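File shown: entry17.cif (mmCIF, C-alpha atoms).
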data_entry
loop_
_atom_site.label_atom_id
_atom_site.label_comp_id
_atom_site.auth_asym_id
_atom_site.auth_seq_id
_atom_site.Cartn_x
_atom_site.Cartn_y
_atom_site.Cartn_z
CA MET A 1 14.05 -1.52 -4.00
CA ALA A 2 15.54 -3.69 -6.64
CA ASN A 3 14.56 -2.50 -10.04
CA VAL A 4 15.43 -4.45 -13.16
CA LEU A 5 14.52 -4.26 -16.86
CA VAL A 6 15.33 -7.33 -18.95
CA ASN A 7 14.80 -7.65 -22.70
CA ALA A 8 15.03 -11.25 -23.93
CA PRO A 9 12.95 -13.01 -26.57
CA LYS A 10 10.08 -15.12 -25.23
CA THR A 11 10.51 -17.71 -27.97
CA ALA A 12 13.44 -18.86 -30.09
CA ARG A 13 14.27 -21.68 -32.48
CA LYS A 14 16.82 -24.23 -31.35
CA GLY A 15 20.28 -23.13 -32.42
CA ASP A 16 19.29 -19.46 -32.85
CA VAL A 17 21.57 -16.78 -31.49
CA VAL A 18 19.44 -14.63 -29.17
CA GLU A 19 20.34 -11.21 -27.79
CA ILE A 20 19.69 -10.64 -24.09
CA LYS A 21 19.78 -7.18 -22.51
CA ALA A 22 19.67 -6.41 -18.81
CA LEU A 23 19.41 -3.02 -17.09
CA ILE A 24 19.47 -2.47 -13.32
CA LEU A 25 18.99 0.55 -11.05
CA HIS A 26 22.19 1.05 -9.05
CA PRO A 27 24.20 4.19 -8.07
CA MET A 28 27.64 2.59 -8.85
CA GLU A 29 29.30 4.95 -6.36
CA THR A 30 33.00 4.86 -7.21
CA GLY A 31 34.48 5.41 -3.74
CA TYR A 32 36.67 8.19 -5.15
CA ARG A 33 34.19 11.05 -4.76
CA ALA A 34 34.00 13.34 -1.75
CA GLY A 35 30.63 14.27 -0.27
CA THR A 36 29.54 17.76 0.83
CA ASN A 37 31.32 17.18 4.17
CA GLY A 38 34.64 16.62 2.37
CA ARG A 39 34.82 12.94 3.32
CA LEU A 40 35.00 10.18 0.72
CA ILE A 41 31.69 8.53 -0.07
CA PRO A 42 32.25 4.78 0.52
CA ARG A 43 32.42 2.64 -2.57
CA ASN A 44 29.11 1.01 -3.48
CA ILE A 45 29.24 -0.85 -6.78
CA ILE A 46 27.94 -4.05 -8.31
CA GLU A 47 30.91 -6.41 -8.40
CA ARG A 48 29.59 -9.25 -10.46
CA PHE A 49 26.82 -9.97 -12.93
CA SER A 50 26.03 -13.46 -14.13
CA ALA A 51 23.36 -15.14 -16.23
CA THR A 52 22.41 -18.81 -16.28
CA TRP A 53 20.22 -20.76 -18.69
CA ASN A 54 18.51 -23.61 -16.81
CA GLY A 55 21.30 -23.45 -14.25
CA VAL A 56 24.15 -23.44 -16.77
CA GLU A 57 26.21 -20.27 -16.75
CA ILE A 58 26.10 -18.49 -20.11
CA PHE A 59 27.57 -15.09 -19.23
CA ARG A 60 29.58 -13.55 -16.41
CA MET A 61 31.04 -10.10 -15.99
CA ASP A 62 33.07 -8.33 -13.31
CA PHE A 63 32.17 -4.66 -12.87
CA SER A 64 34.61 -1.89 -11.94
CA PRO A 65 34.13 1.55 -10.36
CA ALA A 66 34.52 3.12 -13.81
CA ILE A 67 31.16 1.72 -14.94
CA ALA A 68 28.35 4.30 -14.92
CA ALA A 69 25.26 4.21 -12.72
CA ASN A 70 22.37 1.94 -13.77
CA PRO A 71 24.56 -0.45 -15.78
CA TYR A 72 23.19 -1.92 -18.99
CA VAL A 73 24.61 -5.21 -20.25
CA ALA A 74 23.82 -6.83 -23.60
CA PHE A 75 25.12 -10.23 -24.65
CA THR A 76 24.21 -13.11 -26.93
CA ALA A 77 23.62 -16.80 -26.32
CA VAL A 78 22.70 -19.83 -28.39
CA ALA A 79 19.16 -21.07 -27.70
CA THR A 80 19.43 -24.66 -26.51
CA GLU A 81 16.36 -25.67 -24.54
CA THR A 82 13.10 -24.36 -23.10
CA GLY A 83 13.42 -23.08 -19.58
CA THR A 84 14.48 -20.08 -17.52
CA ILE A 85 17.19 -17.49 -17.94
CA ALA A 86 18.22 -16.29 -14.49
CA PHE A 87 20.21 -13.12 -13.80
CA ARG A 88 22.11 -12.30 -10.66
CA TRP A 89 23.80 -9.06 -9.62
CA THR A 90 25.93 -9.00 -6.47
CA GLY A 91 28.04 -6.25 -4.97
CA ASP A 92 29.01 -3.98 -2.10
CA GLU A 93 26.77 -3.50 0.95
CA ASN A 94 25.38 -7.03 0.52
CA PHE A 95 23.72 -6.07 -2.73
CA ALA A 96 22.14 -9.17 -4.26
CA VAL A 97 19.35 -9.15 -6.84
CA GLU A 98 17.95 -12.02 -8.84
CA HIS A 99 15.62 -11.91 -11.79
CA GLN A 100 14.25 -14.66 -14.04
CA VAL A 101 12.61 -14.74 -17.44
CA PRO A 102 11.09 -17.78 -19.19
CA ILE A 103 12.05 -18.74 -22.75
CA GLN A 104 10.37 -21.21 -25.08
CA VAL A 105 12.72 -23.00 -27.52
CA THR A 106 11.16 -24.87 -30.40
CA MET B 1 16.07 13.30 -72.92
CA THR B 2 18.55 15.35 -70.88
CA ALA B 3 16.23 18.34 -71.10
CA LEU B 4 13.39 16.21 -69.78
CA ARG B 5 15.56 14.92 -66.96
CA PHE B 6 16.57 18.51 -66.15
CA LEU B 7 12.92 19.53 -65.98
CA PHE B 8 12.14 16.64 -63.68
CA GLY B 9 15.08 17.61 -61.52
CA LEU B 10 13.92 21.19 -61.37
CA ALA B 11 10.41 20.08 -60.41
CA ALA B 12 11.83 17.84 -57.68
CA VAL B 13 13.92 20.69 -56.24
CA PHE B 14 10.88 22.96 -56.33
CA VAL B 15 8.69 20.42 -54.51
CA ALA B 16 11.43 19.72 -51.97
CA SER B 17 11.96 23.40 -51.16
CA PHE B 18 8.22 23.91 -50.90
CA ALA B 19 7.96 21.01 -48.44
CA LEU B 20 10.89 22.43 -46.48
CA ALA B 21 9.23 25.83 -46.19
CA GLN B 22 6.06 24.16 -44.96
CA THR B 23 7.71 22.17 -42.18
CA ASP B 24 8.04 23.50 -38.67
CA PRO B 25 11.61 24.63 -37.96
CA ARG B 26 11.15 23.61 -34.32
CA HIS B 27 12.10 20.14 -33.16
CA SER B 28 12.64 18.19 -29.98
CA GLY B 29 16.16 17.71 -28.63
CA TYR B 30 15.60 14.07 -29.59
CA HIS B 31 16.52 14.97 -33.17
CA ASP B 32 19.82 16.57 -32.08
CA MET B 33 21.02 13.29 -30.55
CA GLY B 34 22.97 10.54 -32.26
CA ALA B 35 21.27 7.38 -33.52
CA ALA B 36 22.55 5.32 -30.57
CA LEU B 37 20.92 7.60 -27.98
CA GLN B 38 17.69 7.76 -29.97
CA LYS B 39 17.59 3.96 -29.98
CA MET B 40 18.23 3.93 -26.25
CA GLN B 41 15.28 6.25 -25.67
CA ASP B 42 12.95 4.39 -28.03
CA ASP B 43 13.49 0.99 -26.44
CA ASP B 44 11.59 0.90 -23.16
CA THR B 45 13.82 -1.88 -21.89
CA ALA B 46 16.99 0.12 -22.61
CA ASN B 47 15.76 3.56 -21.51
CA PRO B 48 17.01 3.94 -17.92
CA ALA B 49 14.20 6.43 -17.21
CA MET B 50 11.84 3.46 -17.36
CA LEU B 51 13.47 2.14 -14.16
CA PHE B 52 12.02 5.19 -12.43
CA VAL B 53 8.64 4.78 -14.14
CA GLN B 54 8.65 1.24 -12.79
CA GLN B 55 8.98 2.72 -9.30
CA GLY B 56 6.39 5.40 -9.97
CA GLU B 57 3.58 2.93 -10.62
CA PRO B 58 3.55 1.37 -7.10
CA LEU B 59 3.88 4.91 -5.65
CA TRP B 60 0.74 5.86 -7.59
CA ARG B 61 -1.15 3.08 -5.79
CA GLN B 62 0.49 3.51 -2.39
CA LYS B 63 -1.65 5.14 0.31
CA ALA B 64 0.00 8.12 2.00
CA GLY B 65 -0.63 10.80 4.62
CA THR B 66 -3.22 11.12 7.37
CA ALA B 67 -6.00 10.99 4.76
CA ASN B 68 -4.70 7.49 3.91
CA LYS B 69 -5.41 7.98 0.21
CA SER B 70 -3.37 7.01 -2.83
CA CYS B 71 -3.21 8.88 -6.15
CA ALA B 72 -5.21 6.00 -7.66
CA ASP B 73 -8.03 6.42 -5.10
CA CYS B 74 -9.03 9.72 -6.75
CA HIS B 75 -7.45 9.51 -10.21
CA HIS B 76 -7.96 5.75 -10.84
CA GLU B 77 -5.99 4.44 -13.82
CA ALA B 78 -3.25 6.87 -14.78
CA ALA B 79 -3.26 5.61 -18.39
CA ALA B 80 -6.71 7.14 -18.83
CA THR B 81 -6.85 10.04 -16.39
CA MET B 82 -3.30 11.37 -16.73
CA LYS B 83 -3.21 11.31 -20.54
CA GLY B 84 -2.22 14.76 -21.76
CA VAL B 85 -1.72 16.19 -18.27
CA ALA B 86 2.04 16.62 -18.58
CA ALA B 87 1.45 18.41 -21.91
CA ARG B 88 -0.59 21.15 -20.15
CA TYR B 89 1.48 22.07 -17.09
CA PRO B 90 2.53 24.57 -15.71
CA ALA B 91 -1.04 25.70 -15.03
CA ILE B 92 -3.02 27.43 -12.29
CA PRO B 93 -4.78 24.80 -10.15
CA LYS B 94 -8.42 25.27 -9.10
CA GLY B 95 -8.74 27.76 -6.26
CA ALA B 96 -5.17 29.01 -6.57
CA ASP B 97 -3.75 32.16 -8.15
CA GLN B 98 -0.16 31.07 -8.78
CA PRO B 99 0.84 28.62 -11.52
CA VAL B 100 2.57 25.36 -10.57
CA ASP B 101 4.43 22.82 -12.68
CA LEU B 102 3.74 19.08 -12.71
CA GLU B 103 5.97 18.42 -9.70
CA GLY B 104 4.26 21.27 -7.85
CA ARG B 105 0.84 19.86 -8.74
CA ILE B 106 1.81 16.43 -7.36
CA ASN B 107 3.02 18.06 -4.15
CA LEU B 108 -0.23 20.08 -3.89
CA CYS B 109 -2.15 16.80 -4.11
CA ARG B 110 0.05 15.40 -1.36
CA THR B 111 -0.30 18.28 1.05
CA GLU B 112 -3.99 19.06 0.42
CA ASN B 113 -5.65 15.78 -0.51
CA GLN B 114 -3.40 13.16 1.06
CA GLN B 115 -2.42 15.31 4.07
CA ALA B 116 1.15 14.10 3.57
CA PRO B 117 4.39 16.09 3.64
CA ALA B 118 5.48 17.48 0.27
CA LEU B 119 8.18 15.49 -1.51
CA ALA B 120 11.56 17.21 -1.75
CA ALA B 121 12.65 18.67 -5.10
CA GLU B 122 14.60 16.07 -7.14
CA SER B 123 13.83 13.32 -4.60
CA PRO B 124 13.62 9.85 -6.19
CA GLU B 125 9.93 9.54 -5.18
CA LEU B 126 8.89 12.85 -6.77
CA LEU B 127 10.86 12.09 -9.95
CA ALA B 128 9.41 8.57 -10.16
CA LEU B 129 5.83 9.82 -9.79
CA THR B 130 6.40 12.64 -12.28
CA ALA B 131 7.96 10.23 -14.78
CA TYR B 132 5.01 7.84 -14.38
CA VAL B 133 2.51 10.66 -14.95
CA ALA B 134 4.53 12.16 -17.84
CA LEU B 135 4.75 8.78 -19.59
CA GLN B 136 0.96 8.77 -19.98
CA SER B 137 1.25 11.85 -22.24
CA ARG B 138 3.87 10.37 -24.57
CA GLY B 139 3.14 11.42 -28.15
CA GLN B 140 0.63 14.09 -27.07
CA PRO B 141 1.16 17.60 -28.46
CA ILE B 142 2.26 20.23 -25.95
CA SER B 143 -0.91 22.24 -25.31
CA PRO B 144 -0.54 25.03 -22.75
CA PRO B 145 -3.90 26.15 -21.31
CA ASP B 146 -5.57 29.29 -22.73
CA ASP B 147 -5.77 30.90 -19.31
CA GLN B 148 -5.64 34.72 -19.36
CA ARG B 149 -4.19 34.71 -15.85
CA LEU B 150 -1.08 32.98 -17.24
CA THR B 151 -0.28 35.79 -19.70
CA SER B 152 1.65 37.96 -17.24
CA PHE B 153 3.67 34.94 -16.05
CA ARG B 154 4.48 33.98 -19.66
CA GLU B 155 5.60 37.54 -20.40
CA ARG B 156 7.84 37.41 -17.34
CA GLY B 157 9.25 34.09 -18.61
CA ALA B 158 9.81 35.50 -22.10
CA ALA B 159 11.67 38.46 -20.61
CA LEU B 160 13.83 36.13 -18.49
CA TYR B 161 14.56 34.05 -21.59
CA ARG B 162 15.99 37.13 -23.34
CA THR B 163 17.76 38.71 -20.38
CA ARG B 164 21.52 38.42 -20.34
CA ALA B 165 22.93 37.31 -17.00
CA GLY B 166 26.02 35.89 -15.33
CA GLN B 167 29.74 36.32 -15.86
CA LEU B 168 29.41 35.07 -19.44
CA ASN B 169 26.64 37.61 -20.03
CA LEU B 170 24.41 35.18 -21.91
CA ALA B 171 20.65 34.93 -22.26
CA CYS B 172 18.84 31.66 -22.99
CA SER B 173 18.06 33.02 -26.46
CA ASN B 174 21.76 33.54 -27.31
CA CYS B 175 22.24 29.78 -27.44
CA HIS B 176 18.83 28.26 -28.01
CA ASP B 177 17.51 30.75 -30.61
CA ASP B 178 20.59 32.37 -32.18
CA ASN B 179 22.92 29.36 -32.24
CA ALA B 180 20.72 26.27 -31.99
CA GLY B 181 22.01 23.40 -34.09
CA LYS B 182 25.59 24.63 -33.89
CA LYS B 183 28.23 23.09 -31.66
CA LEU B 184 29.22 24.08 -28.13
CA GLY B 185 32.32 22.03 -27.54
CA GLY B 186 31.42 18.58 -28.76
CA ALA B 187 27.70 18.94 -28.08
CA THR B 188 24.96 20.13 -30.42
CA ILE B 189 23.06 23.08 -28.97
CA PRO B 190 19.41 22.03 -28.85
CA GLN B 191 16.50 24.40 -29.49
CA GLY B 192 15.55 24.11 -25.84
CA HIS B 193 12.05 22.68 -26.11
CA PRO B 194 10.94 20.93 -22.91
CA THR B 195 9.49 17.85 -24.62
CA GLY B 196 10.98 15.03 -22.60
CA TYR B 197 10.93 15.94 -18.89
CA PRO B 198 11.73 14.40 -16.53
CA ILE B 199 14.80 13.33 -18.53
CA TYR B 200 17.43 10.69 -17.90
CA ARG B 201 20.53 12.72 -18.55
CA LEU B 202 23.67 10.67 -19.11
CA GLU B 203 25.79 13.43 -17.58
CA TRP B 204 23.73 13.21 -14.36
CA GLN B 205 23.53 9.41 -14.49
CA THR B 206 20.01 9.79 -13.14
CA LEU B 207 16.59 11.26 -13.80
CA GLY B 208 16.14 15.02 -13.38
CA SER B 209 13.45 17.67 -13.75
CA LEU B 210 13.25 20.69 -16.05
CA LYS B 211 14.19 22.82 -13.02
CA ARG B 212 17.41 20.89 -12.60
CA ARG B 213 18.14 21.37 -16.31
CA LEU B 214 17.49 25.14 -16.01
CA ARG B 215 19.75 25.32 -12.96
CA ASN B 216 22.39 23.58 -15.07
CA CYS B 217 22.10 26.30 -17.72
CA LEU B 218 22.22 29.05 -15.07
CA VAL B 219 25.44 27.59 -13.67
CA GLY B 220 26.78 27.30 -17.22
CA MET B 221 26.10 31.03 -17.73
CA ARG B 222 28.00 31.53 -14.46
CA THR B 223 25.12 33.14 -12.70
CA GLU B 224 23.79 32.13 -9.32
CA ALA B 225 21.21 29.34 -9.68
CA TRP B 226 17.82 30.29 -8.21
CA ASP B 227 16.43 28.34 -5.29
CA PHE B 228 14.17 25.41 -6.24
CA THR B 229 11.13 27.30 -4.90
CA ASP B 230 11.81 30.44 -6.99
CA PRO B 231 8.70 31.38 -9.07
CA GLN B 232 11.04 32.50 -11.90
CA TYR B 233 11.40 28.81 -12.89
CA ILE B 234 7.64 28.47 -13.33
CA ALA B 235 7.53 31.66 -15.42
CA LEU B 236 10.34 30.37 -17.63
CA GLU B 237 8.72 26.92 -17.91
CA LEU B 238 5.44 28.58 -18.92
CA TYR B 239 7.19 30.51 -21.67
CA LEU B 240 9.10 27.42 -22.86
CA MET B 241 5.91 25.36 -23.07
CA GLN B 242 4.23 28.17 -25.03
CA ARG B 243 7.25 28.30 -27.34
CA ALA B 244 7.06 24.52 -27.88
CA ARG B 245 3.27 24.46 -28.37
CA GLY B 246 2.25 21.59 -30.65
CA LEU B 247 5.48 19.60 -30.41
CA ALA B 248 4.94 16.00 -29.31
CA LEU B 249 6.03 14.95 -25.83
CA ASP B 250 8.63 12.18 -25.76
CA ALA B 251 8.88 11.86 -21.98
CA PRO B 252 10.61 10.29 -20.18
CA ALA B 253 13.46 11.05 -22.55
CA VAL B 254 17.17 10.26 -22.65
CA ARG B 255 19.50 13.19 -23.25
CA PRO B 256 23.29 13.43 -23.33
#
Represent the structure from my file as structure tokens, please.
Amino acid sequence: MANVLVNAPKTARKGDVVEIKALILHPMETGYRAGTNGRLIPRNIIERFSATWNGVEIFRMDFSPAIAANPYVAFTAVATETGTIAFRWTGDENFAVEHQVPIQVT
Amino acid sequence: MTALRFLFGLAAVFVASFALAQTDPRHSGYHDMGAALQKMQDDDTANPAMLFVQQGEPLWRQKAGTANKSCADCHHEAAATMKGVAARYPAIPKGADQPVDLEGRINLCRTENQQAPALAAESPELLALTAYVALQSRGQPISPPDDQRLTSFRERGAALYRTRAGQLNLACSNCHDDNAGKKLGGATIPQGHPTGYPIYRLEWQTLGSLKRRLRNCLVGMRTEAWDFTDPQYIALELYLMQRARGLALDAPAVRP
């Protein structure tokens, strides 16, 4: 079950710098750990996180195995126009989660 | 002028020391954390434990077992009916003679009322449901029940708390009473009040119960950790809740 917590302002003034925070439930299994049977647990991480504002990319980040479980990303953007901020996480084992929040720019 | 200022100063010191003597020396582990972690816990969109709460809510409404009942079918809205519940457990359920903790109570509901198999200790479902129930008691003072039948269990817990064990020959009290607030390695030793369970522990990178935390301490003392079903945990939890009586719950908490 995809499970996401996003904290972004619902309204902003045009030109404002807004802080956007996104948290997602994910084990971020490194691929370097051995299980109880002694075999390596296959790597299962999020590889890429991106955010778009009305379809325009405003933030992108590549994740590595060194990032802890349930990664939390905070970034800033300049409020330009009313619309939707869309988030996308993709990774190993066909992991793909999308989440959208509306924002009103005045 | 200086004499006057001195008098004022003296009065201020007197008032401050009086206030200090009046305050409770006990505090939640929340106050032993750095500002960054406190902020993480306080912000429900940054607290990773809330991811589990988010999963607990649908579980609360999901029908289970041969009785085909959900938690909500009997208990309705958790915000109203579960308020303060996490602050009371462990307790002895109706018709039983042994105390159970919150996880045990949820599993009793599953096996008896829902006719469903009990959830495994530390399973994501059990933790999510416990976190969802515990959240409803946030800010409530810990108020263990005044049940005479619990006295012997609490005494057993108190004895366990003070019994040295393991290769390091430590009792709980050696750290959490005698040396609380001091450093163990880089970490501050907390007073050991169970205010925030289930907790999201950064070291675990996931949510965990008070039992898991106690097992952690047992391993740290280099003694053999008890099995998850061992009644000694419940006795110890009963004593810890008694010891923390009146402190506000801050579940689901973040801890280092």
With distances taken over only C-alpha atoms, which residue among A:Ala34, A:Ala8, A:Val101, A:Met61 lies nearest chain B?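 Among the listed residues, A:Ala8 lies closest to chain B.
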Taking the file as shown, find all residues satisfying the PyMOL selection byres ((chain B) within 12 of (chain A)) and write them as a ChimeraX atom specification. /B:40,43-56,58,124-125,200-207
As an exercise, work out the distance from atom CA of B:Arg154 to atom CA of B:Ala78 in Å and give it to one decimal place.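 Atom CA of B:Arg154 sits 28.6 Å away from atom CA of B:Ala78.
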Rounded to one decimal, what separation in Å do you get between atom CA of B:Asn174 and atom CA of B:Tyr197?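 So the answer is 22.3 Å.
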Report as number ranges by chain the full result of the PyMOL selection byres ((chain A and resi 19) around 6) when it is applied to this structure. A: 18, 20, 75-76
Which one of A:Thr36, A:Thr82, A:Thr30, A:Asn94 sits closest to A:Asn54 if you count all atoms listed in the file?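 Ranked by minimum distance to A:Asn54, first place goes to A:Thr82.
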Would you pick out the contacts of B:Trp60 at 6 Å or less, using only C-alpha atoms, so that residues sharing its chain but fewer than 2 positions from it are not included, and give the list as a list in words?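 Skipping anything fewer than 2 positions along the chain leaves Glu57, Pro58, Gln62, Cys71 and Ala72 of chain B.
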Once the PyMOL selection byres ((chain B and resi 70) around 12) has been evaluated on this model, what residues remain selected, and can you format them as a VMD selection string? chain B and resid 57 to 69 71 to 78 106 109 to 110 113 to 116 129
A:Phe63 environment, 8 Å, only C-alpha atoms, sequence neighbours closer than 4 positions dropped, as a ChimeraX atom specification: /A:45-49,67
Compare A:Phe95, A:Gln100, A:Gly15, A:Glu29 by their minimum atom-to-atom distance to A:Gly55, counting only C-alpha atoms, and give me the closest one. A:Gln100
Please, what distance in Å, to one decimal, runs between atom CA of B:Asp227 and atom CA of B:Pro256?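 Spanning atom CA of B:Asp227 to atom CA of B:Pro256 is a straight-line distance of 24.4 Å.
If only C-alpha atoms are the atoms counted, then among B:Pro145, B:Pro231, B:Gly166, B:Gly186 the closest residue to B:Ala86 is B:Pro145.
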Closest of A:Val78, A:Tyr32, A:Pro9, A:Glu93 to A:Asn44, counting all atoms listed in the file, is A:Glu93
Determine, counting all atoms listed in the file, which protein, DNA and RNA residues have an atom within 9 Å of an atom of B:Gln242; residues of the same chain fewer than 6 positions away are not included. Present the result as number ranges by chain. B: 142-144, 154
Nearest residue to B:Cys217 from the set B:Gln41, B:Ser173, B:Thr81, B:Ser152 (distances using all atoms listed in the file): B:Ser173
Leaving out B:Ala91 and any residue of its chain fewer than 2 positions from it, which residues lie within 9 Å of it when counting all atoms listed in the file, given as a PyMOL selection string? chain B and resi 88-89+93+98-102+105+144-145+147+150+238
Just the residues within 7 Å of B:Thr195, please, counting all atoms listed in the file, with nothing from its chain fewer than 3 positions along; format it as a count of residues only. 5
Enclose stretch 175-178 of chain B, meaning all of its atoms listed in the file, in a box aligned along x, y and z, pad it by 3 Å on each side, and list the centre and edge lengths in Å to one decimal, as AutoDock Vina command-line options.
--center_x 19.9 --center_y 30.3 --center_z -29.8 --size_x 10.7 --size_y 10.1 --size_z 10.7
